[in-house]
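Down below is the structure, laid out as structure tokens.
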Amino acid sequence: MKYKIHKAVVIGSGTMGAAIAAHLANIGVPVTLLDIPAKDSPDKNKIVKEGWERCIKAKPANLMADELKTLVKLGNLEDDFNAVAEADWVLEAIVENLKIKQDLMARIDEVRKPNAIVSTNTSGIPVHAIAEGRSKEFKKHFLGTHFFNPPRYLKLLEIIPTNDTAKEVVEFMSHFGEYRLGKGVVICKDTPNFIGNRVAFGTGAFAMDFILNNDYTVDEVDALTGPLMGRPKTATFRLIDLVGVDVWHHVGANLQPLIPHDKLGQKYLSSEKPKKLMDTLLERKWLGNKTKVGFYKEVRNAEGKKEFYSLDLKTFEHVAPTKPRFDSVKAAKDVEDLAGRLKVMLEADDKAAKLVKALTYQSFQYSSSIIPEVADSPKPIDDAVRWGFSHEAGPFETWDMLGVKNVVKKMKAEGCTPAKWVDEMLKAGVESFYQYKGANKVGVYDVTKKKYVKLKQDDNFVFLKNLRGTKKEVSKNAGASLFDIGDGVGLVEFHTKMNALDDDISAIVNEAMDRLETDFDGLVVGNEGEHFSAGANLFMVVVASQQGMWDTLDGAIRNLQNMNMRMRYSPKPIVVTPAGYTLGGGCEITMHASRVVAAAESYIGLVELGAGVIPAGAGTKEMMRRIINPAMKTEHAEALPFLQKAFLQIGQAKVATSAEEAHGMNILNPQDRVIANRDHLLTEAKREVLHLINSGYRAPAPEPIYAAGRDYFGALRVGTFMFKEGNYISEYDNHIANKLAYIMCGGDLTRGTWVSEQYILDLEREAFLSLCGEEKTQARMWSILQTGKPLRN
């Protein structure tokens, strides 16, 4: 391929530009971040430095690991413009002003090297207009690349070619976006606000008008428009506060004059009540999270605890939060699948149901009305809504779930008539927007062609949904499944709640390892869920503890230890694929793999101390092996710094906030891989298994563990005592920490000694069982189960 991106330049160090630069650093691309020179300071880089400083201090973090910031150079557009001449990709993220953007493109056109790609991150200006007057070669290599904020976390990348953009440039940037940046790429037409924001504001404007005209409160709306409807917890008003009231208003105000033809959009974008509401918030500088007041305001109650008061939309005063109760929600909230919840809500008739009905039907109406203007089929719209706004399903996917024909009748009855092409499609005998083979989509209705077109699928990709219920699912119980994913590779998938570890999972993993001797050449352990595993089944542990079922608990811990050790010394390769929460026992499984292929957004750590216990599934042993062992293989080495590192990492229940950070914590090994696109994880894991097989994989030799002895145990105890005396930890934290120190120093050993792995495993198990018998540990476990928060008792 003649295109490459080894060096990049981002111009504009505002919120988006700096965060895009950070994400390029996340994937290992050296990047220069440029901005205008400061006129009021002797430091011409003052503006870019301030922008970058805001970026690296932002929460959630834009960088996946602090050390990645060395990949980012800062400069200004006067002294450092030569960086543009050396870049393979130049991305513009400056002020939304057409003339200023065009002037910048003229400068870039003069110096860009052949084959360098130039793009704009504009969210509202027509992409083709920005390239007007530029050379033929420039236009050929120019396109829109619209990221969603924050770019590290939101999956959507809209790529907007112009009529002049070379096809191979679009193909290269799509591939780079998907495989390197980890994005879900949607190719968009060069229409106002492209797809994601067009749908968001066409439906959002209606929502705001309906909410204000029907006297819904902020608390009611956010209780209804979050997970109940398959949307994030930020729902409606929390989302606006997160994005910024000013940004939300700016995007909507920019869109309105660009779509005079869009009657549905115009009706609500020009509505008086929402306009008055937004104007008032802007006048008061209530801009949301960035000013700590918007639709919500952070306050401290009488006990000094943080609360969020919500805005009374009539009086413009912030009031104490309420917990709205509705019969329809009570009936729907425990229904697991989205279609089931929506069906309950759409059949009901209380105030909550009326809002859900109005928003659902209008989103179907509006989304259908902008086809074929913004896209020729429903798929780009569904992808943009799922990836850009973290919805469980896009509007057409949801419509299919509910039954297109039946819903159209109800929409018309509610005054939400869909676009004419929907009726035409139904009259032609096509009754769903997607063509299905079982539960899997194989085609999508193309409105311009008036028929289904085949969806592209790479046959080499591993999709478990395609294998469930087929002969490829070779074993299954309530907690896990074993699949044959081809080429001699098996795959174990967990499917308990939060993929919590239990006897069923252990049984399938052990069966899979048995089958490695007869049926498979290698194994993947992973899933397509949001999280790899949140650790042990805490409910089972606390109930067994309170009922004195010590033999049962002892057996469960032995099973986990034995399973992990069997994985570590498997003669055939086992690749584990952490993603999302990979905590406690999930982290222990990960650390005992032959190799790890981790999703970039993996949150990995040994968090057992928060539950009042220590890592006992071979996790304590493994951290000793990874951190202390290498140092102590050097003659006359001093154990204490390495012992302290391992002890504090477990003792403070540290969690890596990315796979990149997990490398620095010794949870991942140097040879373990990090994959930016979560959707590719299982495919890359299978590829890694085959690579290990073809490379002549052999299991590691058993390795003794260095235990430092009782003098070091004393040193650690002094340290934890000082923490307790300084009120950094509680008396009970100190008690647990001393149990951990005892294990890590080898128990009653009088001096530093190399001991067997089993010796440490026995100490782990003994400490775990001992702590489970204590009331304060049981209280910590119940706190996590009931509130989701650790109790510091």
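By order in the structure tokens, chains are A, B, ...; within a chain, residues start at 1; ligands start at 1, following the order shown.
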
**Request:** Identify, on the basis of only C-alpha atoms, every residue whose closest approach to Lys49 of chain A does not exceed 9 Å; exclude the query and any residue fewer than 5 positions from it along the same chain; express the result as a list in words.
**Result:**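 So, after excluding close chain neighbours, the residues are Ser13, Arg54, Leu74 and Gly75 of chain A.
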
Residues near Ala646 of chain A, cut-off 9 Å, only C-alpha atoms, skip fewer than 3 positions along chain, as a compact mmCIF listing (two decimals) with N, CA and C atoms, in the first residue's frame:
```
# COMPACT_ATOMS: atom_id res chain seq x y z
N THR A 620 -1.33 -13.57 44.02
CA THR A 620 -0.23 -13.07 44.85
C THR A 620 1.08 -13.72 44.42
N MET A 623 2.31 -12.15 41.08
CA MET A 623 2.95 -10.83 41.17
C MET A 623 4.35 -10.95 41.77
N MET A 624 4.53 -11.86 42.71
CA MET A 624 5.87 -12.11 43.26
C MET A 624 6.79 -12.63 42.15
N ARG A 626 6.57 -12.14 38.97
CA ARG A 626 6.80 -11.16 37.91
C ARG A 626 7.64 -9.96 38.37
N ILE A 627 7.48 -9.56 39.61
CA ILE A 627 8.15 -8.33 40.08
C ILE A 627 9.40 -8.63 40.91
N ILE A 628 9.30 -9.57 41.84
CA ILE A 628 10.42 -9.84 42.76
C ILE A 628 11.44 -10.80 42.14
N PRO A 641 12.86 -2.95 47.58
CA PRO A 641 12.11 -2.10 46.63
C PRO A 641 11.13 -2.89 45.76
N PHE A 642 11.52 -4.09 45.39
CA PHE A 642 10.67 -4.91 44.51
C PHE A 642 9.53 -5.53 45.31
N LEU A 643 9.85 -5.94 46.53
CA LEU A 643 8.81 -6.45 47.42
C LEU A 643 7.78 -5.36 47.70
N GLN A 649 1.09 -2.63 45.10
CA GLN A 649 0.18 -2.80 43.97
C GLN A 649 -1.03 -3.63 44.37
N ILE A 650 -0.80 -4.71 45.11
CA ILE A 650 -1.91 -5.54 45.58
C ILE A 650 -2.61 -4.85 46.75
N GLY A 651 -1.81 -4.31 47.68
CA GLY A 651 -2.37 -3.74 48.91
C GLY A 651 -3.23 -2.52 48.67
N MET A 665 2.63 -2.24 34.96
CA MET A 665 2.36 -2.83 36.28
C MET A 665 2.71 -4.31 36.33
N MET A 744 3.76 -12.77 51.21
CA MET A 744 4.78 -12.30 50.26
C MET A 744 6.20 -12.45 50.82
```

**Message:** Give me, as a list in words, the residues of segment 201-362 of chain A that a backbone DSSP run labels strand (DSSP E).
**Reply:** Tyr296, Lys297, Glu298, Val299, Arg300, Lys306, Glu307, Phe308, Tyr309, Ser310, Leu311, His318 and Val319 of chain A

**Message:** Considering only C-alpha atoms, can you say which of A:Leu156, A:Leu523, A:Leu287, A:Ile259 comes closest to Ile693 of chain A?
**Reply:**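 Closest to Ile693 of chain A of all the choices is A:Leu523.
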
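Across the structure, atom CA of Ile36 of chain A and atom CA of Leu77 of chain A are spaced 5.3 Å apart.
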
**Prompt:** Leaving out segment 478-490 of chain A and any residue of its chain fewer than 6 positions from it, which residues lie within 8 Å of it when counting only C-alpha atoms, given as a count of residues only?
**Reply:** 19

**Item:** Who sits within 7 Å of Phe148 of chain A, only C-alpha atoms, same chain under 5 positions skipped, as a ChimeraX atom specification
**Value:** /A:154,156-157,388

Each residue of segment 173-224 of chain A with at least one atom at most 9 Å from segment 115-129 of chain A should appear once, together with its nearest atom pair and the corresponding distance in Å (one decimal); atoms considered: only C-alpha atoms; ordering: chain, then increasing residue number; output as CSV.
```
residue,atom,partner,partner_atom,distance
A:Met173,CA,A:Ile117,CA,8.9
A:Asp190,CA,A:Pro126,CA,6.3
A:Thr191,CA,A:Pro126,CA,6.9
A:Pro192,CA,A:Gly124,CA,6.0
A:Asn193,CA,A:Gly124,CA,4.9
A:Phe194,CA,A:Ser123,CA,7.7
A:Asn197,CA,A:Ser123,CA,8.1
```

**Asked** Of the candidates A:Leu648, A:Ile20, A:Leu455, A:Ala393, which shows the shortest atom-to-atom distance to His146 of chain A, using only C-alpha atoms?
**Response**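 Closest to His146 of chain A of all the choices is A:Ile20.
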
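Proximity of A:Ser270, A:Ser363, A:Thr750, A:Asn629 to Ile705 of chain A, computed with only C-alpha atoms, is greatest for A:Asn629.
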
**Request:** For Gly415 of chain A, work out the shell of residues within 12 Å, counting only C-alpha atoms and skipping chain neighbours fewer than 6 positions away, then give it as a list in words.
**Result:**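 Once the nearby chain positions are removed, what remains is Lys357, Ala358, Tyr361, Gln362, Gln365, Val408 and Lys409 of chain A.
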
**Prompt:** Which residues come within 9 Å of segment 695-703 of chain A, counting only C-alpha atoms, excluding same-chain residues fewer than 5 positions away, as a PyMOL selection string?
**Reply:** chain A and resi 568-573+594+625+690+756-757

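Atom pair atom CA of Phe147 of chain A / atom CA of Pro60 of chain A has a distance of 16.7 Å (rounded to one decimal).
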